[in-house]
>>> print(open('data-v2.csv').read())   # CSV, C-alpha atoms and all ligand atoms
chain,number,residue,atom,x,y,z
C,29,MET,CA,-59.6,41.0,83.7
C,30,VAL,CA,-59.9,42.7,87.0
C,31,THR,CA,-57.9,41.3,89.9
C,32,THR,CA,-58.8,40.7,93.5
C,33,LYS,CA,-56.3,43.3,94.6
C,34,GLU,CA,-57.7,46.0,92.2
C,35,CYS,CA,-61.2,45.4,93.4
C,36,ILE,CA,-60.4,45.6,97.0
C,37,GLU,CA,-58.4,48.8,96.5
C,38,LEU,CA,-61.2,50.4,94.6
C,39,GLU,CA,-63.8,49.4,97.1
C,40,ASN,CA,-61.7,50.6,100.0
C,41,GLN,CA,-61.2,53.9,98.4
C,42,PHE,CA,-64.7,54.7,97.1
C,43,GLY,CA,-67.0,52.5,99.2
C,44,ALA,CA,-67.9,53.3,102.8
C,45,HIS,CA,-66.3,50.8,105.2
C,46,ASN,CA,-69.4,49.6,107.0
C,47,TYR,CA,-68.4,46.0,106.4
C,48,LYS,CA,-65.3,43.9,106.9
C,49,PRO,CA,-65.7,41.2,104.2
C,50,LEU,CA,-63.3,38.3,103.7
C,51,ASP,CA,-60.9,39.4,101.0
C,52,VAL,CA,-62.4,37.2,98.3
C,53,VAL,CA,-63.9,38.9,95.2
C,54,LEU,CA,-66.5,36.8,93.6
C,55,THR,CA,-67.6,37.0,90.0
C,56,ARG,CA,-69.9,34.0,89.4
C,57,GLY,CA,-71.9,31.4,91.2
C,58,SER,CA,-73.9,28.2,90.6
C,59,GLY,CA,-75.6,26.0,93.2
C,60,ILE,CA,-73.4,26.0,96.3
C,61,TRP,CA,-70.3,27.0,94.3
C,62,VAL,CA,-68.9,30.5,93.7
C,63,GLU,CA,-65.8,31.6,91.8
C,64,ASP,CA,-63.5,34.5,92.4
C,65,VAL,CA,-62.0,36.8,89.7
C,66,GLU,CA,-58.9,34.7,89.5
C,67,GLY,CA,-60.9,31.6,88.8
C,68,LYS,CA,-60.6,29.9,92.2
C,69,LYS,CA,-63.7,28.0,93.2
C,70,TYR,CA,-65.2,27.9,96.7
C,71,MET,CA,-68.1,26.3,98.4
C,72,ASP,CA,-70.4,28.9,99.8
C,73,PHE,CA,-71.1,28.0,103.4
C,74,LEU,CA,-72.9,31.3,104.2
C,75,ALA,CA,-75.5,31.5,101.4
C,76,ALA,CA,-75.8,35.2,101.8
C,77,TYR,CA,-77.1,34.8,105.3
C,78,SER,CA,-79.6,32.2,104.1
C,79,ALA,CA,-80.9,34.4,101.2
C,80,VAL,CA,-79.5,31.8,98.7
C,81,ASN,CA,-81.2,28.7,100.1
C,82,GLN,CA,-82.1,27.7,96.6
C,83,GLY,CA,-78.5,27.9,95.4
C,84,HIS,CA,-76.7,30.6,93.4
C,85,CYS,CA,-78.3,31.6,90.1
C,86,HIS,CA,-80.9,28.9,90.2
C,87,PRO,CA,-81.8,28.4,86.5
C,88,ARG,CA,-85.5,28.7,87.1
C,89,LEU,CA,-85.1,32.0,89.0
C,90,VAL,CA,-82.8,33.3,86.2
C,91,LYS,CA,-85.4,32.4,83.6
C,92,VAL,CA,-88.3,34.1,85.5
C,93,LEU,CA,-86.2,37.2,86.2
C,94,GLN,CA,-85.3,37.5,82.6
C,95,GLU,CA,-88.8,36.9,81.3
C,96,GLN,CA,-90.5,39.2,83.8
C,97,SER,CA,-87.9,42.0,83.5
C,98,SER,CA,-88.4,42.1,79.8
C,99,ARG,CA,-92.2,42.2,80.1
C,100,LEU,CA,-92.9,44.5,83.0
C,101,ALA,CA,-90.6,45.6,85.9
C,102,LEU,CA,-92.3,48.3,88.0
C,103,THR,CA,-95.7,49.8,88.2
C,104,SER,CA,-95.5,51.2,91.7
C,105,ARG,CA,-98.6,50.5,93.8
C,106,ALA,CA,-100.4,53.4,92.2
C,107,PHE,CA,-101.4,50.8,89.6
C,108,ARG,CA,-102.0,47.1,90.0
C,109,ASN,CA,-99.9,44.3,88.3
C,110,ASP,CA,-100.7,40.7,87.5
C,111,GLN,CA,-98.0,39.1,89.7
C,112,LEU,CA,-98.7,40.5,93.2
C,113,PRO,CA,-102.2,39.0,93.6
C,114,PHE,CA,-100.8,35.5,92.9
C,115,LEU,CA,-97.8,35.9,95.2
C,116,ALA,CA,-100.2,37.1,97.9
C,117,LYS,CA,-102.5,34.1,97.4
C,118,GLU,CA,-99.7,31.5,97.2
C,119,LEU,CA,-97.8,32.9,100.2
C,120,CYS,CA,-100.9,32.9,102.3
C,121,GLU,CA,-101.8,29.4,101.3
C,122,LEU,CA,-98.3,28.1,102.0
C,123,THR,CA,-98.0,29.8,105.4
C,124,GLY,CA,-101.6,29.5,106.5
C,125,PHE,CA,-102.2,33.2,107.1
C,126,GLU,CA,-105.0,35.4,105.7
C,127,MET,CA,-103.1,38.4,104.3
C,128,MET,CA,-99.6,39.6,103.3
C,129,LEU,CA,-97.9,42.9,102.8
C,130,PRO,CA,-94.9,43.0,100.4
C,131,MET,CA,-91.7,45.1,101.0
C,132,ASN,CA,-88.2,44.8,99.7
C,133,SER,CA,-85.6,44.4,102.5
C,134,GLY,CA,-85.9,42.5,105.7
C,135,ALA,CA,-85.6,45.6,107.8
C,136,GLU,CA,-88.5,47.2,105.9
C,137,ALA,CA,-90.6,44.1,106.7
C,138,VAL,CA,-89.7,44.4,110.4
C,139,GLU,CA,-90.6,48.1,110.3
C,140,THR,CA,-93.9,47.1,108.7
C,141,ALA,CA,-94.6,44.5,111.5
C,142,ILE,CA,-93.8,47.2,114.1
C,143,LYS,CA,-96.2,49.7,112.5
C,144,ALA,CA,-98.9,47.0,112.2
C,145,ALA,CA,-98.5,46.0,115.8
C,146,ARG,CA,-98.6,49.5,117.1
C,147,LYS,CA,-101.6,50.5,115.1
C,148,TRP,CA,-103.4,47.2,116.1
C,149,GLY,CA,-102.6,48.2,119.7
C,150,TYR,CA,-104.3,51.5,119.3
C,151,THR,CA,-107.3,50.6,117.1
C,152,VAL,CA,-108.0,47.0,118.3
C,153,LYS,CA,-106.5,46.5,121.7
C,154,GLY,CA,-107.3,50.0,123.0
C,155,VAL,CA,-103.8,51.1,124.1
C,156,GLU,CA,-103.6,54.8,124.9
C,157,LYS,CA,-102.2,57.0,122.2
C,158,ASP,CA,-98.4,56.8,121.7
C,159,ARG,CA,-98.0,54.4,124.7
C,160,ALA,CA,-97.5,51.1,122.8
C,161,GLU,CA,-94.7,48.9,123.9
C,162,ILE,CA,-93.0,46.0,122.1
C,163,ILE,CA,-90.9,43.5,123.9
C,164,VAL,CA,-87.7,42.2,122.3
C,165,CYS,CA,-84.9,39.9,123.2
C,166,ALA,CA,-81.2,40.5,124.1
C,167,GLY,CA,-79.0,39.4,121.3
C,168,ASN,CA,-81.6,40.2,118.7
C,169,PHE,CA,-80.9,41.1,115.1
C,170,HIS,CA,-83.8,42.6,113.1
C,171,GLY,CA,-82.1,45.0,110.7
C,172,ARG,CA,-80.4,48.4,110.6
C,173,THR,CA,-82.9,51.1,110.4
C,174,THR,CA,-82.8,53.8,113.1
C,175,THR,CA,-85.9,52.4,114.8
C,176,ILE,CA,-84.7,48.8,114.7
C,177,ILE,CA,-81.2,49.5,116.1
C,178,SER,CA,-82.9,51.4,118.9
C,179,PHE,CA,-83.8,48.1,120.5
C,180,SER,CA,-80.6,46.2,119.7
C,181,SER,CA,-78.6,45.0,122.7
C,182,ASP,CA,-75.4,45.5,120.8
C,183,ALA,CA,-73.8,48.8,121.7
C,184,GLN,CA,-72.0,49.2,118.4
C,185,TYR,CA,-75.2,49.1,116.4
C,186,LYS,CA,-76.5,52.1,118.3
C,187,ASP,CA,-73.4,54.1,119.1
C,188,GLY,CA,-73.4,57.4,117.4
C,189,PHE,CA,-76.9,57.0,115.9
C,190,GLY,CA,-79.1,58.5,118.5
C,191,PRO,CA,-81.6,59.8,119.4
C,192,LEU,CA,-83.2,56.4,119.5
C,193,THR,CA,-86.8,55.4,119.0
C,194,PRO,CA,-88.6,54.7,122.3
C,195,GLY,CA,-91.3,52.0,123.0
C,196,PHE,CA,-89.2,48.8,123.2
C,197,THR,CA,-88.4,46.6,126.3
C,198,LEU,CA,-85.5,44.2,126.3
C,199,ILE,CA,-85.6,40.9,128.0
C,200,PRO,CA,-83.1,38.0,128.1
C,201,TYR,CA,-83.5,35.6,125.2
C,202,GLY,CA,-85.4,32.5,126.1
C,203,ASP,CA,-86.5,33.7,129.5
C,204,ALA,CA,-90.3,33.3,129.9
C,205,ARG,CA,-90.3,34.7,133.4
C,206,SER,CA,-88.9,38.0,132.2
C,207,LEU,CA,-91.5,38.0,129.5
C,208,ILE,CA,-94.3,37.7,132.1
C,209,LYS,CA,-92.8,40.6,134.1
C,210,ALA,CA,-92.3,42.8,131.1
C,211,ILE,CA,-95.9,42.5,129.8
C,212,ASN,CA,-98.2,45.4,130.8
C,213,LYS,CA,-101.4,47.0,129.6
C,214,ASN,CA,-99.5,48.9,126.9
C,215,THR,CA,-97.7,45.8,125.5
C,216,VAL,CA,-98.8,45.3,121.9
C,217,ALA,CA,-96.3,42.7,120.7
C,218,PHE,CA,-93.4,40.3,121.5
C,219,LEU,CA,-91.0,40.4,118.6
C,220,VAL,CA,-88.6,37.4,118.5
C,221,GLU,CA,-86.4,35.3,116.3
C,222,PRO,CA,-87.3,31.6,117.0
C,223,ILE,CA,-83.6,31.0,116.6
C,224,GLN,CA,-81.1,33.9,116.7
C,225,GLY,CA,-79.0,33.9,113.6
C,226,GLU,CA,-76.7,36.9,113.9
C,227,SER,CA,-76.2,36.1,117.5
C,228,GLY,CA,-74.5,32.9,116.4
C,229,VAL,CA,-77.3,30.4,115.7
C,230,VAL,CA,-78.6,30.6,119.3
C,231,LEU,CA,-81.4,28.2,120.2
C,232,PRO,CA,-83.6,29.3,123.1
C,233,GLN,CA,-84.3,26.8,125.9
C,234,GLU,CA,-86.8,24.2,124.7
C,235,GLY,CA,-90.4,25.2,125.4
C,236,PHE,CA,-89.6,28.9,125.5
C,237,LEU,CA,-91.5,29.8,122.3
C,238,ARG,CA,-94.5,27.7,123.4
C,239,GLU,CA,-94.6,29.5,126.7
C,240,ALA,CA,-94.2,32.8,125.1
C,241,ALA,CA,-97.0,32.1,122.7
C,242,GLU,CA,-99.2,31.1,125.6
C,243,LEU,CA,-98.4,34.3,127.5
C,244,CYS,CA,-99.0,36.4,124.5
C,245,LYS,CA,-102.4,34.8,124.0
C,246,GLN,CA,-103.4,35.3,127.6
C,247,ASN,CA,-102.4,38.9,127.6
C,248,ASN,CA,-103.7,39.9,124.1
C,249,VAL,CA,-100.2,40.5,122.9
C,250,LEU,CA,-99.1,39.8,119.3
C,251,LEU,CA,-96.4,37.2,118.9
C,252,ILE,CA,-94.3,38.3,115.9
C,253,ALA,CA,-91.8,35.8,114.6
C,254,ASP,CA,-88.9,37.2,112.6
C,255,GLU,CA,-88.2,34.3,110.3
C,256,ILE,CA,-86.2,36.3,107.8
C,257,GLN,CA,-83.1,34.1,108.3
C,258,SER,CA,-84.6,31.1,110.1
C,259,GLY,CA,-87.5,30.6,107.7
C,260,LEU,CA,-88.1,28.9,104.3
C,261,GLY,CA,-86.5,25.6,105.1
C,262,ARG,CA,-83.2,26.7,106.8
C,263,THR,CA,-83.9,24.8,110.0
C,264,GLY,CA,-85.5,21.7,108.4
C,265,THR,CA,-89.1,23.0,108.7
C,266,LEU,CA,-90.8,25.7,106.6
C,267,PHE,CA,-90.5,28.0,109.7
C,268,ALA,CA,-88.4,27.6,112.8
C,269,TYR,CA,-91.4,28.2,115.1
C,270,GLU,CA,-92.9,24.9,113.9
C,271,HIS,CA,-90.3,23.1,116.1
C,272,GLU,CA,-92.3,24.3,119.0
C,273,ASN,CA,-95.8,23.8,117.5
C,274,VAL,CA,-96.8,27.4,117.9
C,275,LYS,CA,-98.6,29.7,115.5
C,276,PRO,CA,-97.4,33.3,115.7
C,277,ASP,CA,-99.8,36.2,115.0
C,278,VAL,CA,-97.4,37.8,112.6
C,279,VAL,CA,-94.5,36.3,110.6
C,280,ILE,CA,-91.8,38.3,108.9
C,281,ILE,CA,-90.2,36.8,105.8
C,282,GLY,CA,-87.3,37.9,103.6
C,283,LYS,CA,-83.9,36.7,102.3
C,284,ALA,CA,-84.7,33.3,100.7
C,285,LEU,CA,-88.1,34.6,99.6
C,286,SER,CA,-86.3,35.5,96.4
C,287,GLY,CA,-83.6,32.9,96.5
C,288,GLY,CA,-81.0,35.6,96.4
C,289,MET,CA,-82.3,36.9,93.0
C,290,TYR,CA,-83.9,40.2,94.1
C,291,PRO,CA,-84.7,42.0,97.3
C,292,VAL,CA,-88.1,40.7,98.4
C,293,SER,CA,-89.7,40.6,101.9
C,294,ALA,CA,-93.1,40.3,103.3
C,295,VAL,CA,-95.2,40.3,106.4
C,296,VAL,CA,-98.0,37.7,106.7
C,297,SER,CA,-100.7,37.8,109.3
C,298,SER,CA,-104.4,37.8,110.0
C,299,ARG,CA,-107.0,40.2,108.5
C,300,GLU,CA,-107.4,41.6,112.0
C,301,VAL,CA,-103.7,42.7,112.1
C,302,LEU,CA,-102.9,43.6,108.5
C,303,GLY,CA,-106.4,45.1,108.2
C,304,VAL,CA,-105.3,48.0,110.3
C,305,PHE,CA,-103.6,49.6,107.3
C,306,ASN,CA,-105.7,52.0,105.3
C,307,PRO,CA,-104.7,53.4,101.9
C,308,GLY,CA,-101.9,55.9,102.4
C,309,ASP,CA,-100.9,54.5,105.8
C,310,HIS,CA,-97.8,52.6,104.6
C,311,GLY,CA,-96.0,51.7,101.4
C,312,SER,CA,-93.0,51.3,99.2
C,313,THR,CA,-92.4,52.3,95.6
C,314,TYR,CA,-90.8,48.9,94.8
C,315,GLY,CA,-92.7,46.8,97.3
C,316,GLY,CA,-94.8,44.2,95.4
C,317,ASN,CA,-93.3,45.0,92.0
C,318,PRO,CA,-93.9,42.4,89.3
C,319,ILE,CA,-90.2,41.2,89.1
C,320,ALA,CA,-90.1,40.7,92.9
C,321,CYS,CA,-93.4,38.9,92.9
C,322,ALA,CA,-92.6,36.7,89.9
C,323,VAL,CA,-89.3,35.7,91.4
C,324,ALA,CA,-90.7,35.1,94.8
C,325,ARG,CA,-93.4,32.8,93.4
C,326,GLU,CA,-90.8,30.7,91.7
C,327,ALA,CA,-88.5,30.8,94.7
C,328,LEU,CA,-91.2,29.3,96.9
C,329,LYS,CA,-92.1,26.7,94.3
C,330,ILE,CA,-88.4,25.6,94.1
C,331,ILE,CA,-88.3,25.1,97.9
C,332,LEU,CA,-91.3,22.8,97.7
C,333,GLU,CA,-90.6,21.0,94.5
C,334,GLU,CA,-87.0,20.3,95.2
C,335,LYS,CA,-87.9,19.2,98.7
C,336,LEU,CA,-85.4,21.6,100.2
C,337,ILE,CA,-87.0,21.6,103.6
C,338,GLU,CA,-86.8,17.8,104.0
C,339,HIS,CA,-83.3,17.9,102.6
C,340,SER,CA,-82.2,20.5,105.1
C,341,ALA,CA,-83.6,18.4,108.0
C,342,GLU,CA,-81.9,15.3,106.8
C,343,LEU,CA,-78.5,16.6,105.8
C,344,GLY,CA,-78.4,19.0,108.8
C,345,LYS,CA,-78.7,16.1,111.1
C,346,TYR,CA,-75.9,14.2,109.2
C,347,LEU,CA,-73.6,17.3,109.1
C,348,ILE,CA,-73.8,18.2,112.8
C,349,GLY,CA,-73.4,14.5,113.7
C,350,GLU,CA,-70.2,14.3,111.6
C,351,LEU,CA,-68.9,17.6,113.0
C,352,ARG,CA,-69.4,16.3,116.5
C,353,LYS,CA,-67.0,13.4,115.7
C,354,ILE,CA,-64.2,15.8,115.0
C,355,ASN,CA,-61.6,15.8,117.7
C,356,SER,CA,-60.8,19.5,117.9
C,357,PRO,CA,-58.8,21.4,120.6
C,358,HIS,CA,-60.6,24.6,119.7
C,359,VAL,CA,-64.3,23.7,119.6
C,360,ASP,CA,-66.4,24.2,122.7
C,361,PHE,CA,-69.6,22.8,121.2
C,362,TYR,CA,-71.9,22.7,118.2
C,363,ARG,CA,-75.5,23.8,118.1
C,364,GLY,CA,-78.1,24.2,115.3
C,365,LYS,CA,-81.1,23.0,113.5
C,366,GLY,CA,-81.3,21.7,110.0
C,367,LEU,CA,-78.5,23.1,107.8
C,368,TRP,CA,-77.8,25.9,110.2
C,369,ILE,CA,-75.0,25.2,112.6
C,370,GLY,CA,-72.9,27.3,114.9
C,371,ILE,CA,-69.5,26.0,115.7
C,372,VAL,CA,-68.8,27.6,119.1
C,373,LEU,CA,-65.1,28.0,119.8
C,374,LYS,CA,-63.3,28.0,123.1
C,375,LYS,CA,-62.1,31.4,124.4
C,376,GLU,CA,-58.5,30.3,123.9
C,377,ALA,CA,-59.1,29.5,120.2
C,378,GLY,CA,-58.3,33.2,119.4
C,379,GLY,CA,-61.5,34.0,117.6
C,380,ALA,CA,-63.4,32.6,114.6
C,381,ARG,CA,-62.0,34.9,112.0
C,382,ARG,CA,-58.7,33.0,111.6
C,383,PHE,CA,-60.6,29.8,111.1
C,384,CYS,CA,-62.8,31.4,108.4
C,385,GLU,CA,-59.6,32.7,106.7
C,386,ALA,CA,-58.1,29.2,106.8
C,387,LEU,CA,-61.3,27.8,105.4
C,388,GLN,CA,-61.3,30.4,102.6
C,389,GLU,CA,-57.7,29.4,101.8
C,390,LYS,CA,-58.9,25.8,101.4
C,391,GLY,CA,-62.0,26.7,99.3
C,392,ILE,CA,-64.8,27.1,101.8
C,393,LEU,CA,-66.4,30.5,102.5
C,394,ALA,CA,-67.9,30.8,106.0
C,395,LYS,CA,-68.3,33.9,108.2
C,396,GLU,CA,-67.6,34.4,111.8
C,397,THR,CA,-70.4,35.8,113.9
C,398,HIS,CA,-69.7,37.5,117.3
C,399,GLU,CA,-66.0,36.8,117.4
C,400,ASN,CA,-66.1,33.1,118.5
C,401,VAL,CA,-68.8,31.4,116.4
C,402,ILE,CA,-68.3,30.0,112.9
C,403,ARG,CA,-71.7,29.9,111.2
C,404,ILE,CA,-72.3,27.0,108.8
C,405,ALA,CA,-75.3,27.7,106.5
C,406,PRO,CA,-74.7,26.3,102.9
C,407,PRO,CA,-77.4,26.7,100.3
C,408,LEU,CA,-80.0,24.0,100.9
C,409,VAL,CA,-79.4,22.4,97.5
C,410,ILE,CA,-76.1,21.0,98.8
C,411,SER,CA,-75.6,17.3,98.2
C,412,LYS,CA,-74.3,14.7,100.7
C,413,ALA,CA,-71.2,14.2,98.5
C,414,GLU,CA,-70.5,18.0,98.8
C,415,ILE,CA,-71.0,17.9,102.5
C,416,ASP,CA,-68.5,15.0,102.8
C,417,GLN,CA,-66.0,17.0,100.7
C,418,ALA,CA,-66.4,20.0,102.9
C,419,LEU,CA,-66.1,17.9,106.1
C,420,VAL,CA,-62.6,16.7,105.0
C,421,THR,CA,-61.4,20.4,105.0
C,422,ILE,CA,-63.3,21.5,108.1
C,423,LYS,CA,-62.0,18.5,110.0
C,424,ASP,CA,-58.5,19.3,108.8
C,425,ILE,CA,-58.7,22.9,110.0
C,426,LEU,CA,-60.5,22.4,113.3
C,427,SER,CA,-58.2,19.6,114.4
C,428,GLN,CA,-54.9,21.4,113.8
C,429,ASN,CA,-53.3,23.1,116.7
Q,501,LIG,C1,-81.1,39.7,107.7
Q,501,LIG,C2,-82.1,39.8,108.8
Q,501,LIG,C3,-82.9,41.0,108.9
Q,501,LIG,C4,-82.7,42.2,108.0
Q,501,LIG,O1,-82.8,41.9,106.7
Q,501,LIG,P1,-82.2,43.0,105.6
Q,501,LIG,O2,-82.7,42.4,104.3
Q,501,LIG,O3,-80.7,42.9,105.7
Q,501,LIG,O4,-82.7,44.3,105.9
Q,501,LIG,C5,-83.8,41.0,109.9
Q,501,LIG,N1,-84.0,40.0,110.7
Q,501,LIG,C6,-83.2,38.9,110.7
Q,501,LIG,C7,-83.5,37.8,111.6
Q,501,LIG,C8,-82.2,38.8,109.7
Q,501,LIG,O5,-81.5,37.7,109.7
>>> encode(input="data-v2.csv", output="structure tokens")
Amino acid sequence: MVTTKECIELENQFGAHNYKPLDVVLTRGSGIWVEDVEGKKYMDFLAAYSAVNQGHCHPRLVKVLQEQSSRLALTSRAFRNDQLPFLAKELCELTGFEMMLPMNSGAEAVETAIKAARKWGYTVKGVEKDRAEIIVCAGNFHGRTTTIISFSSDAQYKDGFGPLTPGFTLIPYGDARSLIKAINKNTVAFLVEPIQGESGVVLPQEGFLREAAELCKQNNVLLIADEIQSGLGRTGTLFAYEHENVKPDVVIIGKALSGGMYPVSAVVSSREVLGVFNPGDHGSTYGGNPIACAVAREALKIILEEKLIEHSAELGKYLIGELRKINSPHVDFYRGKGLWIGIVLKKEAGGARRFCEALQEKGILAKETHENVIRIAPPLVISKAEIDQALVTIKDILSQN
């Protein structure tokens, strides 16, 4: 049997250090539970950044993955397969859009949306060649490609990786007035997370998305919602934009689209927008492969059939209510929607990392984001009893001096 120490040493020696994970080495998972190589069990309160909304190793996903991988795994898009058409149809029906384009990682889907918006700008809106602008928000997280980091407001994401891709304008998150000012004749899209996950579960001011949608419409600008982390039930609705009753022009989906079983992402939109792509314009060898599509179809069915959206709304309300009852010297406030909660610590608390390490010690895995926020995002299959069990530990840790 391998040990935690051995795994960490090997990874440190042979793996690039582009992450600073908690020192826990996991070897199996089921539902909200994961187990390390020494056999210690933990509740997973991160759910792989909401990729594992359906719970670890969901038996239905395991079955579909096994069956599909032993039948047909990859054709490339040079040929067709019998899974992609059905995922396309089911995803469009579920989301109320006309077309979809499949990719693998979230960042690739964001890149796809950027390319679609630019080409739409040139071919439909009539923007002058190479002048398209996309407005984005401070505090954004849309992935790690060179183009995407070009419009990050986090200096570390960009430092050392230039030259950067031009064509992006940053505005403060949640500020409709800045959006009005930033829009000009070359603006093709406003790319936004309805709730910012990596920034620490940050909710914009109420009404912001509604106003933004209105402004986009008035100015013939595409509203692109990055729902990679906020979508598919996490906030208690299928998509977080539903809280503001808006309909974006383009929605980017990833993470829970496969329930953590496989990298699958997609862009959904209208025929007018996704219709700009002609054969050869864009693609991916693995994008839309039969395993990805079969797994995604099942992952979507699980969300609906197990009522994970309703469950997230209900238990999320309960969890944040119970957290707010904790008398903690360290917590400034709690914010969130559904089973997605940011515990914002006071400056004097000394950072979120030590609380995450204390939680780990007591069997709960959560991850700090941006120094002073503990993000709470368990798989949506969590039961009320499991939440109550976790609350005992969380209360214990947050109320200690
Ligand atoms: C995770 C995430 C991405 C990037 O997805 P990857 O699969 O890591 O490339 C993009 N946008 C948001 C909002 C995310 O949370």
>>> closest_residue(input="data-v2.csv", among="C:Gly190, C:Gly228, C:Gly167, C:Gly264", to="Lys335 (chain C)", atoms="all atoms listed in the file")
C:Gly264
>>> closest_residue(input="data-v2.csv", among="C:Ala294, C:Leu260, C:Glu221, C:Val304", to="Leu332 (chain C)", atoms="only C-alpha atoms")
C:Leu260
>>> residues_near_point(input="data-v2.csv", point="(-107.7, 39.5, 112.5)", cutoff="10 Å", atoms="only C-alpha atoms", output="PyMOL selection string")
chain C and resi 125-127+148+152+277+297-304
>>> write_last_selection(input="data-v2.csv", atoms="C-alpha atoms", output="JSON list (two decimals), keeping the file's coordinate frame")
[["chain", "number", "residue", "atom", "x", "y", "z"],
["C", 125, "PHE", "CA", -102.20, 33.20, 107.10],
["C", 126, "GLU", "CA", -105.00, 35.40, 105.70],
["C", 127, "MET", "CA", -103.10, 38.40, 104.30],
["C", 148, "TRP", "CA", -103.40, 47.20, 116.10],
["C", 152, "VAL", "CA", -108.00, 47.00, 118.30],
["C", 277, "ASP", "CA", -99.80, 36.20, 115.00],
["C", 297, "SER", "CA", -100.70, 37.80, 109.30],
["C", 298, "SER", "CA", -104.40, 37.80, 110.00],
["C", 299, "ARG", "CA", -107.00, 40.20, 108.50],
["C", 300, "GLU", "CA", -107.40, 41.60, 112.00],
["C", 301, "VAL", "CA", -103.70, 42.70, 112.10],
["C", 302, "LEU", "CA", -102.90, 43.60, 108.50],
["C", 303, "GLY", "CA", -106.40, 45.10, 108.20],
["C", 304, "VAL", "CA", -105.30, 48.00, 110.30]]
>>> residues_near_ligand(input="data-v2.csv", ligand="ligand LIG 501 (chain Q)", cutoff="7 Å", atoms="all atoms listed in the file", output="PyMOL selection string")
chain C and resi 77+133-136+138+169-172+221+224-226+254-258+282-283
>>> closest_residue(input="data-v2.csv", among="C:Phe267, C:Glu350, C:Leu93, C:Cys321", to="Ile281 (chain C)", atoms="all atoms listed in the file")
C:Phe267
>>> atom_distance(input="data-v2.csv", atom1="CA of Arg159 (chain C)", atom2="CA of Phe179 (chain C)")
16.1 Å
>>> atom_distance(input="data-v2.csv", atom1="CA of Asn214 (chain C)", atom2="CA of Thr123 (chain C)")
28.8 Å
>>> atom_distance(input="data-v2.csv", atom1="CA of Glu239 (chain C)", atom2="CA of Glu121 (chain C)")
26.4 Å
>>> closest_residue(input="data-v2.csv", among="C:Pro291, C:Glu342, C:Thr173, C:Gln184", to="Ala320 (chain C)", atoms="all atoms listed in the file")
C:Pro291
